[in-house]
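As C-alpha cells, the structure follows; a few thoughts come after it.
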Amino acid sequence: MTAEIWDVIIVGAGLSGLSAAHLLRKRDAKLKILILEGKDRVGGRTVSTEIPAANGVDRWDFGGQWVGSTQMHILELIKELGFETFPQFNTGKKVHHMGGTGAKVRTYRTSIPALSPVVLLDLTCLLWKIDRLCTTVCVEDPSRTPNAIELDSMTLHSYIDQHAWTTELKEEMGLCSRSVFGMEPSQMSFLFFLMYAAAAGGLLPLLESTPGTAQELKIKGGTQQLSECLAERVGWKNVRLGSAVTAIWQDAEWAKVSTAIDTFLCRAVIVTCPPHLAAKIHYQPSLPSQREFLAQNMPVGHMIKFIITYQTAFWREKGFSGEIVAGSSSDCPFSVTFDATSPSGNAALVGFIAGQQASQWSSKETGERRKAVLSSLVKYLGPEAASFIYYEEKDWAQEDYSGGCPVNVMAPGLLTYYHPSLRRPCGRIHWAGTETATQWCGYMSGAVQAGHRAAVEVLAELCPMTLTQQEQEAMRHIQTVKGSGQQTPSSKLMYLSTSKAMVITLTISAALLLAQRQNALHKVKTYLMDVFNI
C-alpha cells in the first residue's frame with residue numbers, strides 16, 4: 001500500500017469523474033484528489049480521433065458528440081473551459097425507409113416523417129399519451145410515480161404493442177429505441193423509458209436535431225477535449241491511467257482502493273464508471289443487497305459508430321440533409337445517419353449500427369460492414385456515396401472498460417424496488433456517472449450533473465463550510481423527494497376509452513392531412529389538451 005493518504009479517490013476519468021474532481025478542487029484547493037482510470041486515456045464514453053479527410057486530416061467524435069441548448073450543466077462547462085459549439089446541419093431532404101428492403105424510400109423536410117395519414121394519426125396519439133405520462137413521472141424517485149408498479153412491470157415493447165395501432169409505427173418505435181439506447185424495446189422497463197424521456201423534457205427532444213433537443217449542437221474540436229482540459233485543471237499528476245480498480249474496502253475511518261499493483265488509502269470514494277463495470281469491483285464489506293442487485297442487472301446498449309469522409313458534401317449539393325432513418329433489414333446495417341461535416345469544412349457522414357443490428361453485424365468483418373453501409377448510402381443518397389476518402393468505425397462493445405454504449409438501462413421491476421440505491425451512498429462510497437443523473441440522464445450533461453452531485457455529497461462530509469446555502473438545503477432534504485409524481489393520474493392516458501380515442505383521432509385527422517409542418521404535432525397536442533382538459 002502506498003504511504004500517501006488521499007482525501008478523495010475517484011474511480012473513472014470520464015466527464016462525470018473529472019467534473020466531480022474539478023468541483024472539489026475549486027471548492028477546496030487543499031483537497032488531495034486521485035483519479036484512477038482503467039483505460040489508457042481520459043474521456044470515458046467520449047473519444048475524438050483524427051482521420052484522413054478532404055483537406056488532410058480532421059478530428060471527429062467516435063463516442064458522445066451532441067449537446068443541446070437545454071442541457072445547462074454541459075453548456076456551463078463548455079463555457080467555463082472556453083470551447084465553442086456549432087449547430088448540427090439539418091437543412092434539406094431527409095430519407096425515410098421503413099418496412100423492409102422492398103418498401104418505398106420516402107423523403108421529407110420537417111420533423112414529422114413521410115408517413116401515411118393513418119400512421120400519422122397513430123403516431124400523434126402515441127406521442128400524446130407518452131408525453132402526458134412523462135409529466136407524471138417523479139424522476140428523482142420513479143417509485144412515487146402514479147401506477148409505478150404497473151408501469152414498471154411492462155416493457156416498452158409491450159406498451160407500444162397495446163397502444164399503437166399500426167405495424168409501421170411499432171417499427172418506428174423500435175428504431176427510436178435502438179437509436180437512443182442501443183437496445184430493443186423488449187429489453188427495458190416502460191417506466192425507465194418514461195423516466196429517461198422525462199429527464200430530457202419529453203420524447204421528441206431525445207429524437208430531433210432542432211433547437212432544444214439532444215442532437216442540436218456539436219463541440220468544435222470534439223468532446224474528448226472537455227475531459228482532457230479538466231484533467232489539466234485537476235492536475236495530470238493526480239490522474240493515473242491504466243489503473244483499473246479491482247477492490248474497495250472501507251471501515252469507520254478509512255477506505256482502501258486497490259488496483260492490480262497498488263492500494264491507496266482515502267477518506268471518501270466516488271465511483272463514476274457505468275453500473276455494469278462498478279458491479280465487477282469487489283467491495284468489503286459487501287454492498288447493500290439492493291445496490292448489488294441493481295448494478296448486476298443494468299445491461300448496457302450496443303452501438304457501432306462510423307464516420308465516412310468525402311471530398312465534398314455531395315448530399316448537400318443534391319438537396320439532402322444527410323439524415324437517413326432506416327428500419328431493420330438484412331442489407332442495411334445502420335439505423336440513422338447525419339451530416340458530420342467538420343467546422344473546417346471537411347465533408348463527412350456519421351451513422352450508428354445499434355441494438356439487434358449491432359449484435360448481428362458485429363460478428364462480421366469490418367470490410368463486410370463497410371461494404372453494406374456504402375451500398376445503403378448509394379441507395380439513399382446516390383452513386384457519389386461510393387467515392388469516399390476514409391471509413392472508420394468504433395464498436396463500443398469491444399472497448400475495454402466500457403463494454404457497450406451509450407447507456408445502461410433497467411429491465412422491468414428494477415425501478416420500483418431497487419432504484420433508490422442507484423444514488424444512495426454506501427458508507428464512504430458515493431455514486432456518479434450519467435446513469436445516476438436526474439436531468440438528461442444518459443447524456444454528457446447528465447454525467448456532469450451527477451459528478452457535481454457526488455462532489456457535493458463528499459464536501460458535506462469533509463468540508464461542509466464550502467457548500468453554498470442552496471447545497472446545504474439540498475443535503476438537509478436529500479431524503480425528501482419533491483417531484484411531480486402525484487400531480488396527474490397516469491390512468492387517464494394509459495386506458496383511454498375506445499370512444500374517446502376515436503373522437504381524438506377524428507379531431508386531429510384534418511390537421512395532420514393539411515399541416516405537415518415543423519410545429520404541427522405541437523399545435524395539435526396543445527389543442528387536444530385544451531379541448532379535453534387532460
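Going through the C-alpha cells in order, the chains are called A, B, and so on, while each chain numbers its residues from 1 and the ligands are numbered from 1 in the order shown.
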
Output as an MDAnalysis selection string all residues of stretch 264-410 of chain A that backbone DSSP marks as alpha helix (DSSP H). chainID A and resid 275:278 289:296 314:317 356:361 366:381

Writing out the chosen residues with N, CA, C and O atoms as a compact mmCIF listing (two decimals), in the first residue's frame:
# COMPACT_ATOMS: atom_id res chain seq x y z
N PRO A 275 -22.70 1.24 -14.32
CA PRO A 275 -23.11 0.27 -13.31
C PRO A 275 -22.60 -1.15 -13.55
O PRO A 275 -22.21 -1.84 -12.59
N HIS A 276 -22.60 -1.62 -14.81
CA HIS A 276 -22.15 -2.99 -15.04
C HIS A 276 -20.66 -3.16 -14.79
O HIS A 276 -20.21 -4.27 -14.51
N LEU A 277 -19.89 -2.08 -14.85
CA LEU A 277 -18.47 -2.15 -14.52
C LEU A 277 -18.26 -1.98 -13.01
O LEU A 277 -17.39 -2.63 -12.43
N ALA A 278 -19.06 -1.12 -12.39
CA ALA A 278 -18.98 -0.98 -10.93
C ALA A 278 -19.29 -2.29 -10.24
O ALA A 278 -18.75 -2.59 -9.16
N SER A 289 -27.66 -5.27 -0.40
CA SER A 289 -28.14 -6.20 -1.42
C SER A 289 -28.87 -5.49 -2.56
O SER A 289 -28.76 -5.89 -3.73
N GLN A 290 -29.61 -4.42 -2.24
CA GLN A 290 -30.34 -3.71 -3.29
C GLN A 290 -29.38 -3.07 -4.30
O GLN A 290 -29.58 -3.16 -5.50
N ARG A 291 -28.32 -2.44 -3.79
CA ARG A 291 -27.35 -1.81 -4.69
C ARG A 291 -26.61 -2.87 -5.52
O ARG A 291 -26.39 -2.69 -6.73
N GLU A 292 -26.24 -3.95 -4.90
CA GLU A 292 -25.52 -5.02 -5.60
C GLU A 292 -26.38 -5.63 -6.70
O GLU A 292 -25.92 -5.83 -7.83
N PHE A 293 -27.63 -5.89 -6.37
CA PHE A 293 -28.53 -6.49 -7.37
C PHE A 293 -28.76 -5.54 -8.53
O PHE A 293 -28.78 -5.94 -9.70
N LEU A 294 -28.94 -4.25 -8.22
CA LEU A 294 -29.20 -3.26 -9.25
C LEU A 294 -28.03 -3.17 -10.23
O LEU A 294 -28.22 -3.21 -11.45
N ALA A 295 -26.82 -3.06 -9.70
CA ALA A 295 -25.64 -2.92 -10.56
C ALA A 295 -25.44 -4.14 -11.45
O ALA A 295 -24.95 -4.03 -12.58
N GLN A 296 -25.82 -5.30 -10.95
CA GLN A 296 -25.61 -6.53 -11.71
C GLN A 296 -26.71 -6.76 -12.75
O GLN A 296 -26.60 -7.70 -13.55
N PHE A 314 -21.56 16.04 -51.08
CA PHE A 314 -22.39 15.91 -52.28
C PHE A 314 -23.88 15.87 -51.95
O PHE A 314 -24.72 16.29 -52.76
N TRP A 315 -24.22 15.33 -50.79
CA TRP A 315 -25.64 15.26 -50.41
C TRP A 315 -26.24 16.66 -50.25
O TRP A 315 -27.40 16.86 -50.59
N ARG A 316 -25.46 17.59 -49.73
CA ARG A 316 -25.96 18.97 -49.62
C ARG A 316 -26.21 19.55 -51.01
O ARG A 316 -27.22 20.24 -51.23
N GLU A 317 -25.29 19.27 -51.93
CA GLU A 317 -25.44 19.79 -53.29
C GLU A 317 -26.68 19.23 -53.96
O GLU A 317 -27.26 19.88 -54.83
N GLN A 356 -30.15 -4.70 -31.90
CA GLN A 356 -30.07 -6.03 -32.51
C GLN A 356 -29.22 -6.02 -33.77
O GLN A 356 -28.48 -6.97 -34.04
N GLN A 357 -29.29 -4.94 -34.54
CA GLN A 357 -28.47 -4.84 -35.74
C GLN A 357 -26.99 -4.83 -35.40
O GLN A 357 -26.17 -5.43 -36.10
N ALA A 358 -26.62 -4.15 -34.32
CA ALA A 358 -25.22 -4.14 -33.90
C ALA A 358 -24.77 -5.53 -33.49
O ALA A 358 -23.65 -5.97 -33.82
N SER A 359 -25.62 -6.26 -32.79
CA SER A 359 -25.28 -7.62 -32.38
C SER A 359 -25.08 -8.52 -33.60
O SER A 359 -24.16 -9.35 -33.63
N GLN A 360 -25.92 -8.35 -34.60
CA GLN A 360 -25.82 -9.18 -35.79
C GLN A 360 -24.60 -8.82 -36.64
O GLN A 360 -23.87 -9.69 -37.10
N TRP A 361 -24.37 -7.54 -36.84
CA TRP A 361 -23.30 -7.10 -37.74
C TRP A 361 -21.93 -7.10 -37.07
O TRP A 361 -20.90 -7.08 -37.77
N THR A 366 -14.96 -6.16 -40.72
CA THR A 366 -15.10 -4.73 -40.95
C THR A 366 -15.40 -4.42 -42.40
O THR A 366 -16.26 -3.57 -42.72
N GLY A 367 -14.71 -5.11 -43.31
CA GLY A 367 -14.92 -4.87 -44.73
C GLY A 367 -16.33 -5.17 -45.18
O GLY A 367 -16.88 -4.47 -46.05
N GLU A 368 -16.93 -6.18 -44.60
CA GLU A 368 -18.30 -6.53 -44.96
C GLU A 368 -19.28 -5.48 -44.46
O GLU A 368 -20.23 -5.11 -45.16
N ARG A 369 -19.05 -4.98 -43.23
CA ARG A 369 -19.91 -3.90 -42.72
C ARG A 369 -19.75 -2.65 -43.57
O ARG A 369 -20.74 -1.99 -43.91
N ARG A 370 -18.51 -2.31 -43.89
CA ARG A 370 -18.26 -1.11 -44.70
C ARG A 370 -18.96 -1.22 -46.05
O ARG A 370 -19.58 -0.25 -46.51
N LYS A 371 -18.86 -2.36 -46.68
CA LYS A 371 -19.49 -2.57 -47.99
C LYS A 371 -21.00 -2.40 -47.90
O LYS A 371 -21.62 -1.76 -48.76
N ALA A 372 -21.61 -2.95 -46.84
CA ALA A 372 -23.06 -2.85 -46.67
C ALA A 372 -23.49 -1.41 -46.38
O ALA A 372 -24.52 -0.94 -46.88
N VAL A 373 -22.70 -0.70 -45.56
CA VAL A 373 -23.01 0.70 -45.26
C VAL A 373 -22.96 1.54 -46.53
O VAL A 373 -23.87 2.32 -46.83
N LEU A 374 -21.89 1.40 -47.30
CA LEU A 374 -21.73 2.19 -48.52
C LEU A 374 -22.81 1.86 -49.55
O LEU A 374 -23.33 2.75 -50.24
N SER A 375 -23.16 0.58 -49.65
CA SER A 375 -24.22 0.18 -50.57
C SER A 375 -25.54 0.84 -50.21
O SER A 375 -26.29 1.30 -51.08
N SER A 376 -25.82 0.91 -48.92
CA SER A 376 -27.06 1.55 -48.46
C SER A 376 -27.02 3.05 -48.71
O SER A 376 -28.03 3.66 -49.10
N LEU A 377 -25.87 3.68 -48.49
CA LEU A 377 -25.76 5.11 -48.75
C LEU A 377 -25.94 5.43 -50.23
O LEU A 377 -26.55 6.45 -50.59
N VAL A 378 -25.41 4.57 -51.10
CA VAL A 378 -25.61 4.76 -52.54
C VAL A 378 -27.10 4.67 -52.87
O VAL A 378 -27.63 5.46 -53.65
N LYS A 379 -27.78 3.74 -52.22
CA LYS A 379 -29.21 3.56 -52.46
C LYS A 379 -30.00 4.80 -52.05
O LYS A 379 -30.93 5.22 -52.74
N TYR A 380 -29.61 5.42 -50.94
CA TYR A 380 -30.39 6.52 -50.39
C TYR A 380 -29.93 7.90 -50.88
O TYR A 380 -30.76 8.82 -51.00
N LEU A 381 -28.64 8.07 -51.14
CA LEU A 381 -28.11 9.39 -51.48
C LEU A 381 -27.54 9.50 -52.88
O LEU A 381 -27.27 10.61 -53.35

Which stretch 109-197 of chain A residues have any atom within 12 Å of an atom of stretch 78-93 of chain A, and for each, what is the nearest pair of atoms with distance in Å to one decimal, counting only C-alpha atoms, rows sorted by chain and number, as CSV?
residue,atom,partner,partner_atom,distance
A:Arg109,CA,A:Lys93,CA,4.9
A:Thr110,CA,A:Lys93,CA,8.5
A:Ser111,CA,A:Asn90,CA,10.2
A:Ile112,CA,A:Lys93,CA,11.9
A:Pro113,CA,A:Lys93,CA,10.7
A:Ala114,CA,A:Lys93,CA,10.8

I want to know what sits within 9 Å of A:Ser335, based on only C-alpha atoms, with residues of the same chain fewer than 2 positions away left out; could you give that as an NGL selection string? :A and (175-176 or 178-179 or 324-328 or 332-333 or 337 or 351-354 or 357)

A:Ser19: which residues within 8 Å, counting only C-alpha atoms, same-chain residues fewer than 6 positions away excluded, as a PyMOL selection string? chain A and resi 230+448+451-452

Print the selection's residues with N, CA, C and O atoms to a file, as a PDB file, in the first residue's frame.
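File written: again_0.pdb
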ATOM      1  N   LEU A 230     -10.213  19.270 -18.291  1.00  0.00           N
ATOM      2  CA  LEU A 230     -10.489  19.081 -16.866  1.00  0.00           C
ATOM      3  C   LEU A 230      -9.321  18.388 -16.178  1.00  0.00           C
ATOM      4  O   LEU A 230      -8.958  18.743 -15.046  1.00  0.00           O
ATOM      5  N   VAL A 448     -22.086  15.318 -16.131  1.00  0.00           N
ATOM      6  CA  VAL A 448     -21.575  16.464 -15.376  1.00  0.00           C
ATOM      7  C   VAL A 448     -22.438  16.709 -14.140  1.00  0.00           C
ATOM      8  O   VAL A 448     -21.922  16.916 -13.035  1.00  0.00           O
ATOM      9  N   GLY A 451     -21.669  14.114 -11.508  1.00  0.00           N
ATOM     10  CA  GLY A 451     -20.382  14.348 -10.881  1.00  0.00           C
ATOM     11  C   GLY A 451     -20.443  15.459  -9.856  1.00  0.00           C
ATOM     12  O   GLY A 451     -19.868  15.361  -8.759  1.00  0.00           O
ATOM     13  N   HIS A 452     -21.156  16.524 -10.178  1.00  0.00           N
ATOM     14  CA  HIS A 452     -21.316  17.641  -9.238  1.00  0.00           C
ATOM     15  C   HIS A 452     -22.091  17.204  -7.995  1.00  0.00           C
ATOM     16  O   HIS A 452     -21.732  17.578  -6.870  1.00  0.00           O
TER      17      HIS A 452
END

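Using only C-alpha atoms, the shortest contact distance between A:Gly182 and any of A:Ala454, A:Val336, A:Ala348, A:Leu467 is found at A:Val336.
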